[in-house]
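Let me begin by presenting the structure, written as structure tokens, before commenting on it.
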Amino acid sequence: MKMYNVSSSPHVKAKSTTQTIMRDVIIAMLPAAAYGIYNAADLFGVRYGVRAALLLIVTVVSCMLSEFIFEKITKRENTLFDLSAVVTGMILALNLPCTFPYWKAVLGGAFAIVIVKQLFGGLGQNFMNPALGARCFLSLSFAADMTAFFPKDVVDAVSGATPLTALKNSGEIITPLSNLVIGNYAGTIGETSVIALLAGAVYLVARKVIDLRIPLTYLFVFAVCIMLFNGSTDMEFLARHLFGGGLIFGAFFMATDYATSPITKRGRYLFGICLGLLTAIFRTFGANAEGVSFAIIFCNLLVPLIEKYTVPRAFGVVKEKGGK
């Protein structure tokens, strides 16, 4: 007699699987990856474009090998084919400068998979975005390499400052606004081109992989707060903060991670508000000009609390007196 496991309603049928979702995320990141490789070659020479491509490959392979080896040792089911390790590797690589040492990228990939993801139970159990956890680990461990956006042998790199750093430290404008939109400036491999990132975001929305509650709330609250905190009404100042650094990349590709973002509608709005507020605080009052990665990781930790207070009550359930 064949036994069936019947779960409680509602029963939702969908063609999407973890593999198809991850595949769509990979496709969405390809424009930013391709432009990042081209940009490195255009700014610093062909060998740095090749280096950016190799860094992407090395980081992805590191993540895949780390997942395979860990699951072999712990005798867990092989999850390589769900493509989540590939996504983690790509996001991490796109958060690195093209000058970053290969062996440190391998270390970052292993940290993302083993420490942040697998030790907490694997995909869906991790409490923070694995790629961002690895980026923060690398930033704390190898700060100089993580901010080495200009190769040492490039004569034209006079100050070595990114547009966002120059804007924060001196208010100096070193890059035309159009270059920030196109992506023709030194930064991490995947964060520079707003056009490429938005093209990928449109694809994700069209494929219904992400909705716009988190990213749009994030960007709106950030825009309001960055203007208030800096006492500015200059639209160019706002545009430079929106288009410079990793804000667009973070809002659409990292803050929307399924495992580390709220599932409730109200929770997603609240999550976006927290992200925008924290990023504006970090960029305005912090020592670092960026702040996106740390804001997302901090808000990842708030997700259980956010969901606790935003999960809708079942029909007919009355809130008890005393707030219980």
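Starting from 1 in every chain, residues are counted up; chains themselves are A, B, ... following the order of the structure tokens, and ligands are numbered from 1 as listed.
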
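Look at A:Phe253: the protein and nucleic acid residues within 10 Å of it, using only C-alpha atoms and passing over chain neighbours fewer than 2 places away, are A:Val25, A:Ala28, A:Met29, A:Ile91, A:Leu197, A:Gly200, A:Ala201, A:Leu204, A:Ile210, A:Pro215, A:Leu247, A:Ile248, A:Phe249, A:Gly250, A:Ala251, A:Ala255, A:Thr256, A:Asp257.
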
For the residues selected in the previous step, produce a file with N, CA, C and O atoms as a PDB file, in the first residue's frame.
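As a result, out.pdb now contains:
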```pdb
ATOM      1  N   VAL A  25      19.060  34.370 -11.640  1.00  0.00           N
ATOM      2  CA  VAL A  25      19.929  35.346 -10.971  1.00  0.00           C
ATOM      3  C   VAL A  25      21.290  35.406 -11.668  1.00  0.00           C
ATOM      4  O   VAL A  25      21.861  36.481 -11.866  1.00  0.00           O
ATOM      5  N   ALA A  28      20.895  37.321 -14.814  1.00  0.00           N
ATOM      6  CA  ALA A  28      20.711  38.747 -14.530  1.00  0.00           C
ATOM      7  C   ALA A  28      22.026  39.442 -14.187  1.00  0.00           C
ATOM      8  O   ALA A  28      22.177  40.647 -14.424  1.00  0.00           O
ATOM      9  N   MET A  29      22.981  38.698 -13.627  1.00  0.00           N
ATOM     10  CA  MET A  29      24.267  39.303 -13.269  1.00  0.00           C
ATOM     11  C   MET A  29      25.269  39.324 -14.413  1.00  0.00           C
ATOM     12  O   MET A  29      26.309  39.983 -14.322  1.00  0.00           O
ATOM     13  N   ILE A  91      28.373  36.759  -6.892  1.00  0.00           N
ATOM     14  CA  ILE A  91      28.123  37.975  -6.106  1.00  0.00           C
ATOM     15  C   ILE A  91      29.394  38.409  -5.378  1.00  0.00           C
ATOM     16  O   ILE A  91      29.739  39.598  -5.348  1.00  0.00           O
ATOM     17  N   LEU A 197      23.306  46.857 -14.334  1.00  0.00           N
ATOM     18  CA  LEU A 197      22.630  46.336 -13.145  1.00  0.00           C
ATOM     19  C   LEU A 197      21.115  46.444 -13.261  1.00  0.00           C
ATOM     20  O   LEU A 197      20.385  45.518 -12.896  1.00  0.00           O
ATOM     21  N   GLY A 200      19.712  43.817 -15.548  1.00  0.00           N
ATOM     22  CA  GLY A 200      19.551  42.553 -14.832  1.00  0.00           C
ATOM     23  C   GLY A 200      18.380  42.577 -13.880  1.00  0.00           C
ATOM     24  O   GLY A 200      17.650  41.588 -13.748  1.00  0.00           O
ATOM     25  N   ALA A 201      18.161  43.714 -13.224  1.00  0.00           N
ATOM     26  CA  ALA A 201      17.035  43.838 -12.294  1.00  0.00           C
ATOM     27  C   ALA A 201      15.702  43.722 -13.027  1.00  0.00           C
ATOM     28  O   ALA A 201      14.766  43.078 -12.537  1.00  0.00           O
ATOM     29  N   LEU A 204      14.991  40.134 -13.654  1.00  0.00           N
ATOM     30  CA  LEU A 204      14.536  39.427 -12.459  1.00  0.00           C
ATOM     31  C   LEU A 204      13.082  39.733 -12.128  1.00  0.00           C
ATOM     32  O   LEU A 204      12.324  38.859 -11.723  1.00  0.00           O
ATOM     33  N   ILE A 210      12.154  38.400  -8.162  1.00  0.00           N
ATOM     34  CA  ILE A 210      12.090  39.375  -7.061  1.00  0.00           C
ATOM     35  C   ILE A 210      10.890  40.286  -7.284  1.00  0.00           C
ATOM     36  O   ILE A 210      10.397  40.409  -8.411  1.00  0.00           O
ATOM     37  N   PRO A 215      13.768  46.670  -2.830  1.00  0.00           N
ATOM     38  CA  PRO A 215      14.701  47.612  -3.464  1.00  0.00           C
ATOM     39  C   PRO A 215      14.180  49.039  -3.571  1.00  0.00           C
ATOM     40  O   PRO A 215      14.921  49.995  -3.325  1.00  0.00           O
ATOM     41  N   LEU A 247      25.250  50.601  -4.163  1.00  0.00           N
ATOM     42  CA  LEU A 247      23.855  50.717  -3.725  1.00  0.00           C
ATOM     43  C   LEU A 247      22.884  49.989  -4.656  1.00  0.00           C
ATOM     44  O   LEU A 247      22.017  49.238  -4.204  1.00  0.00           O
ATOM     45  N   ILE A 248      22.995  50.225  -5.951  1.00  0.00           N
ATOM     46  CA  ILE A 248      22.072  49.582  -6.903  1.00  0.00           C
ATOM     47  C   ILE A 248      22.277  48.068  -6.901  1.00  0.00           C
ATOM     48  O   ILE A 248      21.311  47.290  -6.883  1.00  0.00           O
ATOM     49  N   PHE A 249      23.528  47.642  -6.907  1.00  0.00           N
ATOM     50  CA  PHE A 249      23.827  46.211  -6.851  1.00  0.00           C
ATOM     51  C   PHE A 249      23.254  45.591  -5.582  1.00  0.00           C
ATOM     52  O   PHE A 249      22.606  44.538  -5.616  1.00  0.00           O
ATOM     53  N   GLY A 250      23.470  46.249  -4.457  1.00  0.00           N
ATOM     54  CA  GLY A 250      22.973  45.732  -3.186  1.00  0.00           C
ATOM     55  C   GLY A 250      21.465  45.690  -3.106  1.00  0.00           C
ATOM     56  O   GLY A 250      20.882  44.713  -2.623  1.00  0.00           O
ATOM     57  N   ALA A 251      20.808  46.736  -3.603  1.00  0.00           N
ATOM     58  CA  ALA A 251      19.357  46.838  -3.487  1.00  0.00           C
ATOM     59  C   ALA A 251      18.630  45.750  -4.271  1.00  0.00           C
ATOM     60  O   ALA A 251      17.650  45.169  -3.787  1.00  0.00           O
ATOM     61  N   ALA A 255      20.000  42.473  -1.254  1.00  0.00           N
ATOM     62  CA  ALA A 255      18.956  42.677  -0.244  1.00  0.00           C
ATOM     63  C   ALA A 255      17.737  41.796  -0.502  1.00  0.00           C
ATOM     64  O   ALA A 255      16.950  41.537   0.413  1.00  0.00           O
ATOM     65  N   THR A 256      17.572  41.320  -1.731  1.00  0.00           N
ATOM     66  CA  THR A 256      16.401  40.517  -2.105  1.00  0.00           C
ATOM     67  C   THR A 256      16.633  39.023  -1.973  1.00  0.00           C
ATOM     68  O   THR A 256      15.790  38.228  -2.390  1.00  0.00           O
ATOM     69  N   ASP A 257      17.761  38.629  -1.407  1.00  0.00           N
ATOM     70  CA  ASP A 257      18.058  37.208  -1.200  1.00  0.00           C
ATOM     71  C   ASP A 257      16.921  36.548  -0.417  1.00  0.00           C
ATOM     72  O   ASP A 257      16.527  37.018   0.657  1.00  0.00           O
TER      73      ASP A 257
END
```

Enumerate, in order of chain and increasing residue number, the residues of stretch 74-128 of chain A with an atom no farther than 12 Å from stretch 285-306 of chain A, each with its shortest atom pair and distance in Å to one decimal, counting only C-alpha atoms, as a Markdown table.
```
| residue | atom | partner | partner_atom | distance |
| --- | --- | --- | --- | --- |
| A:Ile91 | CA | A:Ser293 | CA | 11.6 |
| A:Leu92 | CA | A:Ser293 | CA | 11.1 |
| A:Asn95 | CA | A:Ser293 | CA | 9.5 |
| A:Val116 | CA | A:Ile297 | CA | 11.5 |
| A:Gln125 | CA | A:Pro304 | CA | 11.9 |
| A:Asn126 | CA | A:Asn300 | CA | 9.8 |
| A:Phe127 | CA | A:Leu301 | CA | 6.6 |
| A:Met128 | CA | A:Asn300 | CA | 5.4 |
```

Just to confirm, what's the straight-line distance from atom CA of A:Leu80 to atom CA of A:Leu54 in Å (one decimal)? 20.7 Å

Quick one, how far is atom CA of A:Gly122 from atom CA of A:Ala85?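 Going from atom CA of A:Gly122 over to atom CA of A:Ala85 covers 10.4 Å.
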
Neighbour list for A:Phe81 as a PyMOL selection string, cut-off 12 Å, only C-alpha atoms, skip fewer than 5 positions in-chain: chain A and resi 17-20+22-23+64+67-68+86-87

Write to file, as an mmCIF file, in the first residue's frame, the residues of the selection just made, with all heavy atoms.
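Wrote it out as selection.cif, contents follow:
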```cif
data_model
loop_
_atom_site.group_PDB
_atom_site.id
_atom_site.type_symbol
_atom_site.label_atom_id
_atom_site.label_comp_id
_atom_site.auth_asym_id
_atom_site.auth_seq_id
_atom_site.Cartn_x
_atom_site.Cartn_y
_atom_site.Cartn_z
ATOM 1 N N THR A 17 11.894 26.284 -9.402
ATOM 2 C CA THR A 17 12.679 25.491 -8.467
ATOM 3 C C THR A 17 13.870 26.339 -8.023
ATOM 4 O O THR A 17 14.125 27.404 -8.595
ATOM 5 C CB THR A 17 13.199 24.202 -9.118
ATOM 6 O OG1 THR A 17 14.088 24.551 -10.197
ATOM 7 C CG2 THR A 17 12.048 23.357 -9.670
ATOM 8 N N THR A 18 14.584 25.841 -7.031
ATOM 9 C CA THR A 18 15.785 26.563 -6.604
ATOM 10 C C THR A 18 16.734 26.735 -7.776
ATOM 11 O O THR A 18 17.328 27.802 -7.972
ATOM 12 C CB THR A 18 16.489 25.796 -5.465
ATOM 13 O OG1 THR A 18 15.589 25.678 -4.364
ATOM 14 C CG2 THR A 18 17.742 26.515 -5.019
ATOM 15 N N GLN A 19 16.863 25.697 -8.583
ATOM 16 C CA GLN A 19 17.783 25.750 -9.717
ATOM 17 C C GLN A 19 17.367 26.799 -10.743
ATOM 18 O O GLN A 19 18.204 27.577 -11.231
ATOM 19 C CB GLN A 19 17.858 24.375 -10.397
ATOM 20 C CG GLN A 19 18.899 24.318 -11.515
ATOM 21 C CD GLN A 19 18.887 22.986 -12.235
ATOM 22 O OE1 GLN A 19 17.910 22.645 -12.905
ATOM 23 N NE2 GLN A 19 19.970 22.225 -12.082
ATOM 24 N N THR A 20 16.074 26.870 -11.070
ATOM 25 C CA THR A 20 15.629 27.840 -12.073
ATOM 26 C C THR A 20 15.756 29.274 -11.552
ATOM 27 O O THR A 20 16.094 30.188 -12.300
ATOM 28 C CB THR A 20 14.179 27.575 -12.495
ATOM 29 O OG1 THR A 20 13.311 27.689 -11.348
ATOM 30 C CG2 THR A 20 14.029 26.198 -13.109
ATOM 31 N N MET A 22 17.990 30.340 -9.281
ATOM 32 C CA MET A 22 19.415 30.663 -9.274
ATOM 33 C C MET A 22 19.928 30.889 -10.694
ATOM 34 O O MET A 22 20.780 31.749 -10.928
ATOM 35 C CB MET A 22 20.212 29.548 -8.589
ATOM 36 C CG MET A 22 19.898 29.393 -7.111
ATOM 37 S SD MET A 22 20.255 30.905 -6.163
ATOM 38 C CE MET A 22 19.431 30.541 -4.622
ATOM 39 N N ARG A 23 19.410 30.118 -11.618
ATOM 40 C CA ARG A 23 19.806 30.310 -13.018
ATOM 41 C C ARG A 23 19.423 31.695 -13.506
ATOM 42 O O ARG A 23 20.208 32.376 -14.191
ATOM 43 C CB ARG A 23 19.133 29.250 -13.893
ATOM 44 C CG ARG A 23 19.496 29.319 -15.375
ATOM 45 C CD ARG A 23 18.524 28.512 -16.192
ATOM 46 N NE ARG A 23 17.178 29.047 -16.092
ATOM 47 C CZ ARG A 23 16.070 28.348 -16.339
ATOM 48 N NH1 ARG A 23 16.148 27.070 -16.654
ATOM 49 N NH2 ARG A 23 14.884 28.918 -16.247
ATOM 50 N N MET A 64 32.076 26.420 -5.281
ATOM 51 C CA MET A 64 31.556 25.109 -5.666
ATOM 52 C C MET A 64 32.356 23.983 -5.025
ATOM 53 O O MET A 64 31.783 23.016 -4.503
ATOM 54 C CB MET A 64 31.572 24.976 -7.192
ATOM 55 C CG MET A 64 30.614 25.931 -7.903
ATOM 56 S SD MET A 64 30.664 25.772 -9.701
ATOM 57 C CE MET A 64 29.884 24.168 -9.919
ATOM 58 N N GLU A 67 31.601 23.746 -1.275
ATOM 59 C CA GLU A 67 30.315 23.097 -1.012
ATOM 60 C C GLU A 67 30.408 21.593 -1.231
ATOM 61 O O GLU A 67 29.910 20.798 -0.421
ATOM 62 C CB GLU A 67 29.237 23.699 -1.921
ATOM 63 C CG GLU A 67 27.860 23.146 -1.664
ATOM 64 C CD GLU A 67 26.757 24.167 -1.928
ATOM 65 O OE1 GLU A 67 26.809 25.253 -1.319
ATOM 66 O OE2 GLU A 67 25.867 23.870 -2.726
ATOM 67 N N PHE A 68 31.061 21.186 -2.321
ATOM 68 C CA PHE A 68 31.190 19.756 -2.636
ATOM 69 C C PHE A 68 31.977 19.027 -1.553
ATOM 70 O O PHE A 68 31.564 17.970 -1.058
ATOM 71 C CB PHE A 68 31.878 19.592 -3.987
ATOM 72 C CG PHE A 68 32.137 18.159 -4.364
ATOM 73 C CD1 PHE A 68 31.111 17.356 -4.845
ATOM 74 C CD2 PHE A 68 33.407 17.605 -4.227
ATOM 75 C CE1 PHE A 68 31.342 16.022 -5.187
ATOM 76 C CE2 PHE A 68 33.647 16.282 -4.563
ATOM 77 C CZ PHE A 68 32.618 15.493 -5.042
ATOM 78 N N VAL A 86 27.147 28.812 -7.170
ATOM 79 C CA VAL A 86 27.577 29.636 -8.310
ATOM 80 C C VAL A 86 27.147 31.085 -8.091
ATOM 81 O O VAL A 86 27.921 32.024 -8.324
ATOM 82 C CB VAL A 86 27.003 29.093 -9.638
ATOM 83 C CG1 VAL A 86 27.415 29.988 -10.806
ATOM 84 C CG2 VAL A 86 27.463 27.668 -9.878
ATOM 85 N N VAL A 87 25.912 31.275 -7.647
ATOM 86 C CA VAL A 87 25.407 32.621 -7.375
ATOM 87 C C VAL A 87 26.233 33.301 -6.284
ATOM 88 O O VAL A 87 26.626 34.466 -6.414
ATOM 89 C CB VAL A 87 23.917 32.577 -6.961
ATOM 90 C CG1 VAL A 87 23.458 33.930 -6.431
ATOM 91 C CG2 VAL A 87 23.062 32.155 -8.148
#
```

When you draw a straight line from atom CA of A:Ile27 to atom CA of A:Arg207, how long is it in Å? 11.1 Å
